[in-house]
$ cat query23.cif   # mmCIF, C-alpha atoms
data_structure
#
loop_
_atom_site.label_atom_id
_atom_site.label_comp_id
_atom_site.auth_asym_id
_atom_site.auth_seq_id
_atom_site.Cartn_x
_atom_site.Cartn_y
_atom_site.Cartn_z
CA MET A 275 0.00 0.00 0.00
CA ASN A 276 1.36 3.36 -0.99
CA VAL A 277 0.70 6.73 0.50
CA THR A 278 -1.65 8.32 -1.99
CA ALA A 279 -3.79 11.38 -2.35
CA THR A 280 -6.82 9.27 -1.39
CA LEU A 281 -5.43 9.01 2.12
CA PHE A 282 -5.04 12.77 2.40
CA GLY A 283 -8.39 13.30 0.75
CA GLN A 284 -10.08 11.23 3.41
CA MET A 285 -8.08 12.97 6.15
CA ILE A 286 -9.20 16.37 4.90
CA THR A 287 -12.78 15.16 4.58
CA PHE A 288 -12.58 13.90 8.15
CA ALA A 289 -11.16 17.19 9.43
CA VAL A 290 -13.80 19.26 7.67
CA LEU A 291 -16.54 16.97 8.92
CA VAL A 292 -15.27 17.22 12.50
CA TRP A 293 -15.17 20.98 12.23
CA PHE A 294 -18.64 21.16 10.79
CA ILE A 295 -20.20 18.88 13.33
CA HIS A 296 -18.44 20.77 16.09
CA ARG A 297 -19.73 24.06 14.77
CA PHE A 298 -23.26 23.21 13.76
CA LEU A 299 -24.34 20.16 15.73
CA TRP A 300 -22.29 19.52 18.84
CA GLY A 301 -22.11 23.15 19.94
CA PRO A 302 -25.79 24.08 19.64
CA LEU A 303 -26.99 20.70 20.87
CA THR A 304 -24.78 20.61 23.97
CA ARG A 305 -25.79 24.17 24.81
CA LEU A 306 -29.41 23.18 24.38
CA LEU A 307 -29.02 20.11 26.57
CA ALA A 308 -27.23 22.15 29.24
CA GLU A 309 -30.00 24.72 29.15
CA ARG A 310 -32.64 22.04 29.41
CA THR A 311 -30.82 20.45 32.33
CA LYS A 312 -30.66 23.83 34.02
CA ARG A 313 -34.31 24.49 33.37
CA ILE A 314 -35.33 21.16 34.81
CA ALA A 315 -33.15 21.74 37.87
CA ASP A 316 -34.64 25.20 38.28
CA GLY A 317 -38.13 23.80 37.93
CA LEU A 318 -37.48 21.17 40.58
CA ALA A 319 -35.97 23.76 42.90
CA ALA A 320 -38.98 26.03 42.34
CA ALA A 321 -41.35 23.18 43.08
CA GLU A 322 -39.43 22.43 46.26
CA ARG A 323 -39.58 26.08 47.25
CA GLY A 324 -43.29 26.19 46.44
CA THR A 325 -43.97 23.20 48.67
CA GLN A 326 -42.07 24.81 51.52
CA GLU A 327 -43.90 28.07 51.04
CA LEU A 328 -47.22 26.27 50.98
CA GLU A 329 -46.36 24.57 54.25
CA LEU A 330 -45.36 27.89 55.78
CA ALA A 331 -48.52 29.57 54.51
CA GLY A 332 -50.60 26.75 55.98
CA LYS A 333 -48.94 27.20 59.34
CA ARG A 334 -49.39 30.94 59.20
CA SER A 335 -53.03 30.74 58.19
CA ALA A 336 -53.73 28.35 61.07
CA GLU A 337 -52.01 30.76 63.41
CA VAL A 338 -53.97 33.72 62.05
CA LEU A 339 -57.17 31.75 62.42
CA ARG A 340 -56.32 30.84 65.99
CA GLU A 341 -55.48 34.46 66.79
CA GLY A 342 -58.73 35.61 65.19
CA LYS A 343 -60.74 33.16 67.23
CA GLN A 344 -58.95 34.25 70.37
CA GLN A 345 -59.60 37.89 69.59
CA ALA A 346 -63.26 37.24 68.88
CA ALA A 347 -63.61 35.39 72.18
CA ASP A 348 -61.85 38.25 73.96
CA ILE A 349 -64.12 40.82 72.37
CA ILE A 350 -67.23 38.84 73.24
CA ALA A 351 -66.08 38.43 76.83
CA GLN A 352 -65.31 42.12 77.05
CA ALA A 353 -68.67 43.01 75.55
CA GLU A 354 -70.44 40.78 78.06
CA LYS A 355 -68.50 42.35 80.87
CA ARG A 356 -69.30 45.80 79.57
CA ALA A 357 -72.99 44.90 79.24
CA LEU A 358 -73.07 43.69 82.80
CA GLN A 359 -71.31 46.84 83.86
CA ILE A 360 -73.79 49.00 81.97
CA ILE A 361 -76.72 47.15 83.53
CA GLU A 362 -75.14 47.53 86.93
CA GLU A 363 -74.55 51.23 86.36
CA ALA A 364 -78.12 51.68 85.14
CA LYS A 365 -79.39 49.91 88.21
CA HIS A 366 -77.30 52.15 90.44
CA ALA A 367 -78.40 55.25 88.61
CA ALA A 368 -82.05 54.20 88.80
CA LYS A 369 -81.73 53.48 92.48
CA ALA A 370 -80.02 56.81 93.16
CA GLU A 371 -82.63 58.63 91.13
CA GLY A 372 -85.38 56.85 92.99
CA ASP A 373 -83.77 57.64 96.31
CA ARG A 374 -83.35 61.21 95.33
CA MET A 375 -86.96 61.46 94.21
CA ILE A 376 -88.11 59.82 97.41
CA ALA A 377 -85.99 62.22 99.47
CA GLY A 378 -87.37 65.17 97.51
CA ALA A 379 -90.89 63.98 98.06
CA LYS A 380 -90.22 63.44 101.73
CA ALA A 381 -88.71 66.88 102.07
CA GLU A 382 -91.67 68.37 100.27
CA ILE A 383 -94.04 66.49 102.52
CA ALA A 384 -92.15 67.66 105.59
CA GLN A 385 -92.23 71.21 104.33
CA GLU A 386 -95.88 70.89 103.59
CA VAL A 387 -96.49 69.50 107.09
CA SER A 388 -94.55 72.27 108.75
CA ARG A 389 -96.32 74.85 106.66
CA ALA A 390 -99.67 73.37 107.59
CA LYS A 391 -98.55 73.27 111.19
CA GLU A 392 -97.55 76.90 110.97
CA ALA A 393 -100.84 77.87 109.43
CA LEU A 394 -102.66 75.79 111.94
CA ARG A 395 -100.66 77.26 114.74
CA SER A 396 -101.32 80.84 113.70
CA GLN A 397 -104.97 80.05 113.23
CA VAL A 398 -105.11 78.31 116.62
CA SER A 399 -103.39 81.26 118.28
CA ALA A 400 -105.74 83.65 116.53
CA LEU A 401 -108.61 81.45 117.65
CA ALA A 402 -107.28 81.33 121.17
CA MET A 403 -106.78 85.04 121.10
CA ALA A 404 -110.29 85.52 119.89
CA GLY A 405 -111.57 83.09 122.57
CA ALA A 406 -109.55 84.79 125.27
CA GLU A 407 -110.62 88.15 124.06
CA LYS A 408 -114.20 87.08 124.30
CA ILE A 409 -113.70 85.69 127.77
CA LEU A 410 -111.71 88.55 129.18
CA ARG A 411 -113.38 91.33 127.29
CA ARG A 412 -112.82 94.00 129.60
CA GLU A 413 -110.20 92.88 131.90
CA VAL A 414 -107.62 92.24 129.28
CA ASP A 415 -106.09 95.12 127.61
CA ALA A 416 -104.60 94.05 124.38
CA LYS A 417 -101.75 96.36 124.87
CA ALA A 418 -101.18 95.48 128.45
CA HIS A 419 -101.21 91.79 127.93
CA ALA A 420 -99.39 91.74 124.65
CA ASP A 421 -96.43 89.95 126.23
CA LEU A 422 -98.59 87.25 127.54
CA LEU A 423 -100.42 86.80 124.31
CA LYS A 424 -97.15 86.57 122.41
CA ALA A 425 -95.85 83.92 124.75
CA ILE A 426 -98.96 81.87 124.29
CA GLN A 427 -98.69 82.27 120.56
CA THR A 428 -95.16 80.89 120.49
CA GLU A 429 -96.05 78.04 122.79
CA LEU A 430 -98.81 76.81 120.50
CA MET B 1261 -22.19 -11.14 -23.62
CA SER B 1262 -20.26 -8.60 -21.60
CA GLU B 1263 -18.14 -9.57 -18.66
CA ALA B 1264 -20.58 -8.21 -16.13
CA ALA B 1265 -23.63 -9.93 -17.52
CA ARG B 1266 -22.24 -13.42 -17.08
CA PRO B 1267 -23.43 -15.35 -14.02
CA ALA B 1268 -20.98 -14.77 -11.15
CA THR B 1269 -20.60 -18.45 -10.42
CA ASP B 1270 -18.81 -19.00 -13.71
CA ASN B 1271 -15.68 -17.46 -12.33
CA PRO B 1272 -15.90 -16.86 -8.58
CA VAL B 1273 -12.34 -15.61 -8.17
CA GLU B 1274 -12.73 -13.06 -10.89
CA TYR B 1275 -16.08 -12.00 -9.50
CA ILE B 1276 -14.68 -11.36 -6.06
CA GLN B 1277 -11.55 -9.66 -7.33
CA HIS B 1278 -13.68 -7.48 -9.53
CA HIS B 1279 -15.76 -6.43 -6.56
CA LEU B 1280 -12.74 -5.70 -4.43
CA THR B 1281 -11.08 -3.39 -6.93
CA ASN B 1282 -11.39 0.32 -6.41
CA LEU B 1283 -12.34 2.78 -9.08
CA GLN B 1284 -8.91 4.34 -9.42
CA VAL B 1285 -7.72 7.42 -11.26
CA GLY B 1286 -4.13 8.58 -11.51
CA GLU B 1287 -0.85 6.95 -10.63
CA GLY B 1288 1.73 6.87 -7.86
CA PHE B 1289 1.03 9.45 -5.20
CA TRP B 1290 -1.76 11.02 -7.23
CA THR B 1291 -3.87 7.89 -7.13
CA PHE B 1292 -7.47 8.71 -6.32
CA ASN B 1293 -9.81 5.95 -5.23
CA LEU B 1294 -12.77 7.80 -6.63
CA ASP B 1295 -15.43 5.47 -5.23
CA THR B 1296 -14.00 5.72 -1.71
CA LEU B 1297 -13.71 9.48 -1.92
CA VAL B 1298 -17.09 10.08 -3.50
CA PHE B 1299 -19.02 7.80 -1.17
CA GLY B 1300 -17.11 9.24 1.78
CA TRP B 1301 -18.08 12.71 0.65
CA LEU B 1302 -21.68 11.76 0.01
CA LEU B 1303 -22.03 10.34 3.51
CA ALA B 1304 -20.15 13.26 5.02
CA GLY B 1305 -22.43 15.54 3.04
CA LEU B 1306 -25.44 13.68 4.41
CA LEU B 1307 -24.13 14.24 7.93
CA VAL B 1308 -23.43 17.89 7.20
CA PHE B 1309 -26.90 18.32 5.81
CA ILE B 1310 -28.61 16.59 8.72
CA SER B 1311 -26.59 18.37 11.38
CA TRP B 1312 -27.09 21.74 9.68
CA ARG B 1313 -30.77 21.12 9.26
CA ILE B 1314 -31.30 19.92 12.82
CA GLY B 1315 -28.78 22.25 14.45
CA ARG B 1316 -30.50 25.28 12.96
CA HIS B 1317 -33.95 24.58 14.37
CA LEU B 1318 -33.29 23.17 17.80
CA SER B 1319 -36.32 23.14 20.06
CA LEU B 1320 -35.76 23.39 23.78
CA ASP B 1321 -39.23 22.47 24.93
CA ASN B 1322 -40.55 20.33 22.17
CA PRO B 1323 -37.80 18.23 20.57
CA ARG B 1324 -39.06 15.93 17.87
CA GLY B 1325 -37.93 13.32 15.39
CA ALA B 1326 -34.35 13.59 14.30
CA GLN B 1327 -33.47 15.97 17.10
CA ASN B 1328 -34.39 13.30 19.64
CA VAL B 1329 -32.25 10.73 17.84
CA LEU B 1330 -29.29 13.09 17.66
CA GLU B 1331 -29.73 14.12 21.28
CA ALA B 1332 -29.72 10.49 22.35
CA ILE B 1333 -26.59 9.74 20.31
CA LEU B 1334 -24.89 12.89 21.53
CA GLU B 1335 -25.63 12.14 25.17
CA PHE B 1336 -24.39 8.59 24.69
CA VAL B 1337 -21.15 9.82 23.13
CA ASP B 1338 -20.82 12.57 25.71
CA SER B 1339 -21.22 10.10 28.57
CA GLN B 1340 -18.48 7.93 27.02
CA VAL B 1341 -16.20 10.96 26.73
CA LYS B 1342 -16.96 12.15 30.26
CA SER B 1343 -16.42 8.73 31.80
CA THR B 1344 -13.02 8.36 30.12
CA PHE B 1345 -11.62 11.81 29.59
CA PRO B 1346 -10.95 13.62 32.86
CA GLY B 1347 -10.26 17.19 31.76
CA HIS B 1348 -12.06 19.54 29.49
CA ASN B 1349 -11.33 19.66 25.78
CA PRO B 1350 -13.99 21.07 23.48
CA LEU B 1351 -12.66 19.08 20.54
CA ILE B 1352 -12.93 15.54 21.88
CA GLY B 1353 -16.72 15.38 22.10
CA PRO B 1354 -17.45 16.47 18.53
CA LEU B 1355 -14.51 14.39 17.30
CA ALA B 1356 -15.88 11.27 18.94
CA LEU B 1357 -19.38 12.02 17.67
CA THR B 1358 -18.11 12.55 14.13
CA VAL B 1359 -16.08 9.35 14.24
CA PHE B 1360 -19.08 7.40 15.45
CA LEU B 1361 -21.57 8.83 12.97
CA TRP B 1362 -19.35 8.87 9.91
CA VAL B 1363 -17.87 5.41 10.45
CA PHE B 1364 -21.33 4.08 11.19
CA LEU B 1365 -22.76 5.55 7.98
CA MET B 1366 -19.86 4.28 5.89
CA ASN B 1367 -20.27 0.85 7.46
CA VAL B 1368 -23.99 0.91 6.72
CA MET B 1369 -23.12 0.94 3.01
CA ASP B 1370 -22.09 -2.65 3.59
CA LEU B 1371 -25.72 -3.62 4.10
CA ILE B 1372 -26.69 -2.53 0.59
CA PRO B 1373 -26.78 -5.65 -1.60
CA VAL B 1374 -23.24 -6.20 -2.92
CA ASP B 1375 -24.21 -6.22 -6.56
CA LEU B 1376 -26.75 -3.40 -6.59
CA LEU B 1377 -24.61 -0.28 -6.92
CA PRO B 1378 -21.75 -1.90 -8.96
CA LYS B 1379 -24.31 -3.27 -11.45
CA ALA B 1380 -26.00 0.12 -11.67
CA ALA B 1381 -22.62 1.73 -12.24
CA GLU B 1382 -21.93 -0.87 -14.91
CA TYR B 1383 -24.78 0.55 -16.98
CA VAL B 1384 -23.33 4.06 -16.91
CA GLY B 1385 -19.92 2.77 -17.90
CA ILE B 1386 -18.14 2.52 -14.57
CA HIS B 1387 -16.54 -0.90 -14.33
CA HIS B 1388 -15.23 -0.96 -10.80
CA LEU B 1389 -17.08 0.29 -7.77
CA LYS B 1390 -16.47 -0.36 -4.10
CA VAL B 1391 -19.29 1.28 -2.25
CA VAL B 1392 -18.12 0.82 1.35
CA PRO B 1393 -15.47 3.45 2.09
CA THR B 1394 -14.38 1.66 5.25
CA THR B 1395 -13.32 -1.39 3.24
CA ASP B 1396 -10.66 0.87 1.80
CA PRO B 1397 -7.65 1.16 4.14
CA TYR B 1398 -7.10 4.71 2.91
CA THR B 1399 -10.25 5.79 4.70
CA THR B 1400 -9.64 3.95 7.95
CA LEU B 1401 -5.95 4.83 8.07
CA GLY B 1402 -6.75 8.39 7.06
CA MET B 1403 -8.97 8.69 10.11
CA SER B 1404 -6.62 6.87 12.46
CA LEU B 1405 -3.67 8.98 11.27
CA SER B 1406 -5.71 12.13 11.86
CA VAL B 1407 -6.32 10.90 15.39
CA PHE B 1408 -2.61 10.07 15.66
CA ALA B 1409 -1.73 13.62 14.62
CA LEU B 1410 -4.01 14.93 17.36
CA VAL B 1411 -2.41 12.53 19.85
CA ILE B 1412 1.05 13.90 19.02
CA TYR B 1413 -0.26 17.48 19.14
CA TYR B 1414 -1.82 17.07 22.58
CA ASN B 1415 1.16 15.10 23.88
CA ILE B 1416 3.41 18.02 22.98
CA LYS B 1417 0.89 20.58 24.20
CA VAL B 1418 0.45 18.93 27.59
CA LYS B 1419 3.93 17.55 28.24
CA GLY B 1420 6.02 19.92 26.12
CA VAL B 1421 8.48 18.72 23.45
CA ALA B 1422 11.04 17.69 26.05
CA GLY B 1423 8.42 15.96 28.13
CA TYR B 1424 7.13 14.05 25.13
CA ILE B 1425 10.65 12.91 24.23
CA LYS B 1426 11.16 11.86 27.84
CA THR B 1427 8.21 9.49 27.65
CA PHE B 1428 10.06 7.79 24.82
CA LEU B 1429 13.39 7.63 26.65
CA PHE B 1430 12.61 6.76 30.27
CA HIS B 1431 9.76 4.30 30.02
CA PRO B 1432 9.22 1.51 30.64
CA PHE B 1433 12.67 0.48 31.92
CA GLY B 1434 14.29 3.61 33.43
CA LYS B 1435 17.16 5.67 32.11
CA TRP B 1436 19.79 2.92 31.71
CA LEU B 1437 18.00 1.26 28.83
CA MET B 1438 17.23 4.32 26.73
CA PRO B 1439 17.56 2.70 23.27
CA VAL B 1440 15.33 -0.19 24.28
CA ASN B 1441 12.86 2.23 25.83
CA PHE B 1442 12.80 4.33 22.71
CA MET B 1443 12.22 1.33 20.48
CA MET B 1444 9.47 -0.05 22.64
CA THR B 1445 7.64 3.22 23.10
CA ALA B 1446 7.93 4.03 19.40
CA VAL B 1447 6.46 0.67 18.47
CA GLU B 1448 3.75 1.15 21.06
CA GLU B 1449 2.87 4.60 19.75
CA LEU B 1450 2.96 3.58 16.07
CA ALA B 1451 0.87 0.52 16.76
CA LYS B 1452 -1.96 2.75 17.95
CA PRO B 1453 -2.97 4.34 14.62
CA LEU B 1454 -2.15 1.16 12.70
CA SER B 1455 -4.26 -1.09 14.87
CA LEU B 1456 -7.01 1.52 15.03
CA GLY B 1457 -7.23 1.84 11.24
CA LEU B 1458 -6.59 -1.78 10.35
CA ARG B 1459 -9.08 -3.16 12.86
CA LEU B 1460 -11.93 -1.28 11.22
CA PHE B 1461 -10.65 -2.02 7.73
CA GLY B 1462 -10.19 -5.73 8.49
CA ASN B 1463 -13.63 -6.15 9.96
CA MET B 1464 -15.40 -4.36 7.17
CA PHE B 1465 -13.33 -5.98 4.44
CA ALA B 1466 -14.00 -9.43 5.86
CA GLY B 1467 -17.68 -8.64 6.18
CA GLU B 1468 -17.81 -7.52 2.57
CA LEU B 1469 -15.97 -10.66 1.50
CA VAL B 1470 -18.49 -12.87 3.27
CA PHE B 1471 -21.30 -11.03 1.50
CA LEU B 1472 -19.55 -11.68 -1.80
CA LEU B 1473 -19.16 -15.37 -1.00
CA ILE B 1474 -22.83 -15.57 -0.05
CA ALA B 1475 -23.69 -13.88 -3.34
CA LEU B 1476 -22.06 -16.80 -5.13
CA LEU B 1477 -24.59 -19.27 -3.71
CA PRO B 1478 -27.56 -20.42 -5.81
CA TRP B 1479 -30.43 -17.93 -5.70
CA TRP B 1480 -32.91 -20.22 -3.89
CA ILE B 1481 -30.69 -20.61 -0.81
CA LEU B 1482 -28.94 -17.27 -0.95
CA TRP B 1483 -31.43 -15.39 1.20
CA VAL B 1484 -30.86 -17.62 4.28
CA PRO B 1485 -27.18 -16.93 4.97
CA GLY B 1486 -27.54 -13.53 3.33
CA SER B 1487 -30.15 -12.26 5.76
CA LEU B 1488 -28.50 -13.97 8.72
CA TRP B 1489 -25.14 -12.37 7.96
CA ALA B 1490 -26.78 -9.01 7.31
CA ILE B 1491 -28.52 -9.11 10.69
CA PHE B 1492 -25.30 -10.10 12.39
CA HIS B 1493 -23.52 -7.42 10.44
CA ILE B 1494 -25.79 -4.72 11.87
CA LEU B 1495 -24.17 -5.55 15.19
CA ILE B 1496 -20.68 -5.53 13.72
CA ILE B 1497 -20.93 -2.19 11.95
CA THR B 1498 -22.30 -0.50 15.06
CA LEU B 1499 -19.74 -2.18 17.26
CA GLN B 1500 -16.85 -1.22 15.00
CA ALA B 1501 -17.99 2.38 14.87
CA PHE B 1502 -18.27 2.34 18.66
CA ILE B 1503 -14.83 0.75 19.11
CA PHE B 1504 -13.21 3.28 16.80
CA MET B 1505 -14.83 6.07 18.82
CA ILE B 1506 -13.87 4.64 22.22
CA LEU B 1507 -10.27 4.08 21.15
CA THR B 1508 -10.09 7.61 19.78
CA ILE B 1509 -11.19 8.93 23.15
CA MET B 1510 -8.79 6.57 24.94
CA TYR B 1511 -5.74 7.61 22.90
CA LEU B 1512 -6.53 11.29 23.36
CA THR B 1513 -7.00 10.73 27.08
CA LEU B 1514 -3.58 9.09 27.28
CA ALA B 1515 -2.14 12.01 25.32
CA HIS B 1516 -3.54 14.43 27.90
CA GLN B 1517 -1.97 12.70 30.86
CA SER B 1518 0.96 14.53 32.37
CA LEU B 1519 4.36 12.88 32.79
CA ASP B 1520 3.69 11.55 36.28
CA GLU B 1521 0.48 9.85 35.33
CA ALA B 1522 1.78 8.38 32.09
CA HIS B 1523 2.58 4.65 32.20
#
$ encode --input "query23.cif" --output "structure tokens"
Amino acid sequence: MNVTATLFGQMITFAVLVWFIHRFLWGPLTRLLAERTKRIADGLAAAERGTQELELAGKRSAEVLREGKQQAADIIAQAEKRALQIIEEAKHAAKAEGDRMIAGAKAEIAQEVSRAKEALRSQVSALAMAGAEKILRREVDAKAHADLLKAIQTEL
Amino acid sequence: MSEAARPATDNPVEYIQHHLTNLQVGEGFWTFNLDTLVFGWLLAGLLVFISWRIGRHLSLDNPRGAQNVLEAILEFVDSQVKSTFPGHNPLIGPLALTVFLWVFLMNVMDLIPVDLLPKAAEYVGIHHLKVVPTTDPYTTLGMSLSVFALVIYYNIKVKGVAGYIKTFLFHPFGKWLMPVNFMMTAVEELAKPLSLGLRLFGNMFAGELVFLLIALLPWWILWVPGSLWAIFHILIITLQAFIFMILTIMYLTLAHQSLDEAH
């Protein structure tokens, strides 16, 4: 076998073919595969992250729900307490008002009684005076016995 | 009656010799095995066309058809390269892929019925035609010598000229047996491209020869060994393409090893 141009022809063909496949097939295809690998890895990582976030969100929502329930219970308890307080206050106020009204009425009654007494007293004294005047017509000088009459008036 | 129209069984030796002769043009150094070159180019052109066509419209999300096939082959080749070759060299992957695809395609020509293309060529006035480029040692040795050139290039690039010469002088027996070392290493190195090229050539040539012998059988029995050998040959052509690729990767891996790792 001799070294011929066929040998070199095939070597050149081979070299050109290697270059071409490197340039137009291997390069783009390996880049594509690398990108796809990366994308898949990213997708898996994202899914993992999503699962974690979902778990966290679940926990947080449960917590929020619990807090909400707690708050609602607190508010209801407070409202009940406040209602009781208001009722209590109203009762107190009503009682005080009643007492006050009773006291007022009593005072008025007392006043009325004393006024009646006064009127009665002055009328009685006037009556007594008139009676005494009638009895002692002549003997009693109104001026002379004014002291006595006054004393009787105050006694009545 | 022309020579080609006679039944082959009349003169089996002539028939086989006829089939194993290249379509040659020129003399001495300027001898062109036209059939080898043209079929090599056609298949290379097919590869160029396919890779250009597929490489231009790559789909990231929705790969289909030929892209899937090429992706599978590429990943297979890439995994072979990665499992053998430790460093990073952007040339080795495409080189291995090209070796695999081109050798495979050239070997596939062996599965075309042995008489089909030569007979067709006969009608247009071409009297010799060998359609399988890998049954021509010029193809296989051309490829293996290209690989050999790369091996030398990377040896010198990684180890330096002095380092490369040292691997010849100090291995395997140490510095006191330099001439013996040199002889042994030289033989070892030269055996690489020779065995690489001749292994492929030998396998394909023998396969072709068996097809020719089967073609000499009477027509009513011919299809039994013919189909059996063809089925078996599918394995052989793939295996030979694979072996050529693996050895290419291996030799380049060895070339990339530094002095301490070598031997």
$ resolve_selection --input "query23.cif" --expression "the PyMOL selection byres ((chain A) within 12 of (chain B))" --output "MDAnalysis selection string"
chainID A and resid 275:314
$ write_last_selection --input "query23.cif" --atoms "C-alpha atoms" --output "PDB file, in the coordinates of the input"
ATOM      1  CA  MET A 275       0.000   0.000   0.000  1.00  0.00           C
ATOM      2  CA  ASN A 276       1.360   3.360  -0.990  1.00  0.00           C
ATOM      3  CA  VAL A 277       0.700   6.730   0.500  1.00  0.00           C
ATOM      4  CA  THR A 278      -1.650   8.320  -1.990  1.00  0.00           C
ATOM      5  CA  ALA A 279      -3.790  11.380  -2.350  1.00  0.00           C
ATOM      6  CA  THR A 280      -6.820   9.270  -1.390  1.00  0.00           C
ATOM      7  CA  LEU A 281      -5.430   9.010   2.120  1.00  0.00           C
ATOM      8  CA  PHE A 282      -5.040  12.770   2.400  1.00  0.00           C
ATOM      9  CA  GLY A 283      -8.390  13.300   0.750  1.00  0.00           C
ATOM     10  CA  GLN A 284     -10.080  11.230   3.410  1.00  0.00           C
ATOM     11  CA  MET A 285      -8.080  12.970   6.150  1.00  0.00           C
ATOM     12  CA  ILE A 286      -9.200  16.370   4.900  1.00  0.00           C
ATOM     13  CA  THR A 287     -12.780  15.160   4.580  1.00  0.00           C
ATOM     14  CA  PHE A 288     -12.580  13.900   8.150  1.00  0.00           C
ATOM     15  CA  ALA A 289     -11.160  17.190   9.430  1.00  0.00           C
ATOM     16  CA  VAL A 290     -13.800  19.260   7.670  1.00  0.00           C
ATOM     17  CA  LEU A 291     -16.540  16.970   8.920  1.00  0.00           C
ATOM     18  CA  VAL A 292     -15.270  17.220  12.500  1.00  0.00           C
ATOM     19  CA  TRP A 293     -15.170  20.980  12.230  1.00  0.00           C
ATOM     20  CA  PHE A 294     -18.640  21.160  10.790  1.00  0.00           C
ATOM     21  CA  ILE A 295     -20.200  18.880  13.330  1.00  0.00           C
ATOM     22  CA  HIS A 296     -18.440  20.770  16.090  1.00  0.00           C
ATOM     23  CA  ARG A 297     -19.730  24.060  14.770  1.00  0.00           C
ATOM     24  CA  PHE A 298     -23.260  23.210  13.760  1.00  0.00           C
ATOM     25  CA  LEU A 299     -24.340  20.160  15.730  1.00  0.00           C
ATOM     26  CA  TRP A 300     -22.290  19.520  18.840  1.00  0.00           C
ATOM     27  CA  GLY A 301     -22.110  23.150  19.940  1.00  0.00           C
ATOM     28  CA  PRO A 302     -25.790  24.080  19.640  1.00  0.00           C
ATOM     29  CA  LEU A 303     -26.990  20.700  20.870  1.00  0.00           C
ATOM     30  CA  THR A 304     -24.780  20.610  23.970  1.00  0.00           C
ATOM     31  CA  ARG A 305     -25.790  24.170  24.810  1.00  0.00           C
ATOM     32  CA  LEU A 306     -29.410  23.180  24.380  1.00  0.00           C
ATOM     33  CA  LEU A 307     -29.020  20.110  26.570  1.00  0.00           C
ATOM     34  CA  ALA A 308     -27.230  22.150  29.240  1.00  0.00           C
ATOM     35  CA  GLU A 309     -30.000  24.720  29.150  1.00  0.00           C
ATOM     36  CA  ARG A 310     -32.640  22.040  29.410  1.00  0.00           C
ATOM     37  CA  THR A 311     -30.820  20.450  32.330  1.00  0.00           C
ATOM     38  CA  LYS A 312     -30.660  23.830  34.020  1.00  0.00           C
ATOM     39  CA  ARG A 313     -34.310  24.490  33.370  1.00  0.00           C
ATOM     40  CA  ILE A 314     -35.330  21.160  34.810  1.00  0.00           C
TER      41      ILE A 314
END
$ atom_distance --input "query23.cif" --atom1 "CA of Leu1456 (chain B)" --atom2 "CA of Leu1507 (chain B)"
7.4 Å
$ closest_residue --input "query23.cif" --among "A:Ile409, A:Leu328, A:Ile426, A:Ile376" --to "Ser396 (chain A)" --atoms "all atoms listed in the file"
A:Ile426
$ closest_residue --input "query23.cif" --among "B:Val1421, B:Trp1479, B:Leu1280, B:Asp1370" --to "Thr1394 (chain B)" --atoms "all atoms listed in the file"
B:Asp1370
$ resolve_selection --input "query23.cif" --expression "the PyMOL selection byres ((chain B and resi 1379) around 12)" --output "list in words"
Glu1263, Ala1264, Ala1265, Arg1266, Ala1268, His1278, His1279, Pro1373, Val1374, Asp1375, Leu1376, Leu1377, Pro1378, Ala1380, Ala1381, Glu1382, Tyr1383, Val1384, Gly1385, Ile1386, His1387, His1388, Leu1389, Lys1390 and Val1391 of chain B
$ atom_distance --input "query23.cif" --atom1 "CA of Ala320 (chain A)" --atom2 "CA of Ser335 (chain A)"
21.7 Å
$ residues_around --input "query23.cif" --residues "Leu1429 (chain B)" --least-positions-apart "6" --cutoff "6 Å" --atoms "all atoms listed in the file" --output "PyMOL selection string"
chain B and resi 1438+1441-1442
$ atom_distance --input "query23.cif" --atom1 "CA of Asn1328 (chain B)" --atom2 "CA of Ile1509 (chain B)"
23.9 Å
$ residues_around --input "query23.cif" --residues "Leu1469 (chain B)" --least-positions-apart "3" --cutoff "10 Å" --atoms "only C-alpha atoms" --output "VMD selection string"
chain B and resid 1276 to 1277 1279 to 1280 1374 1395 1463 to 1466 1472 to 1475
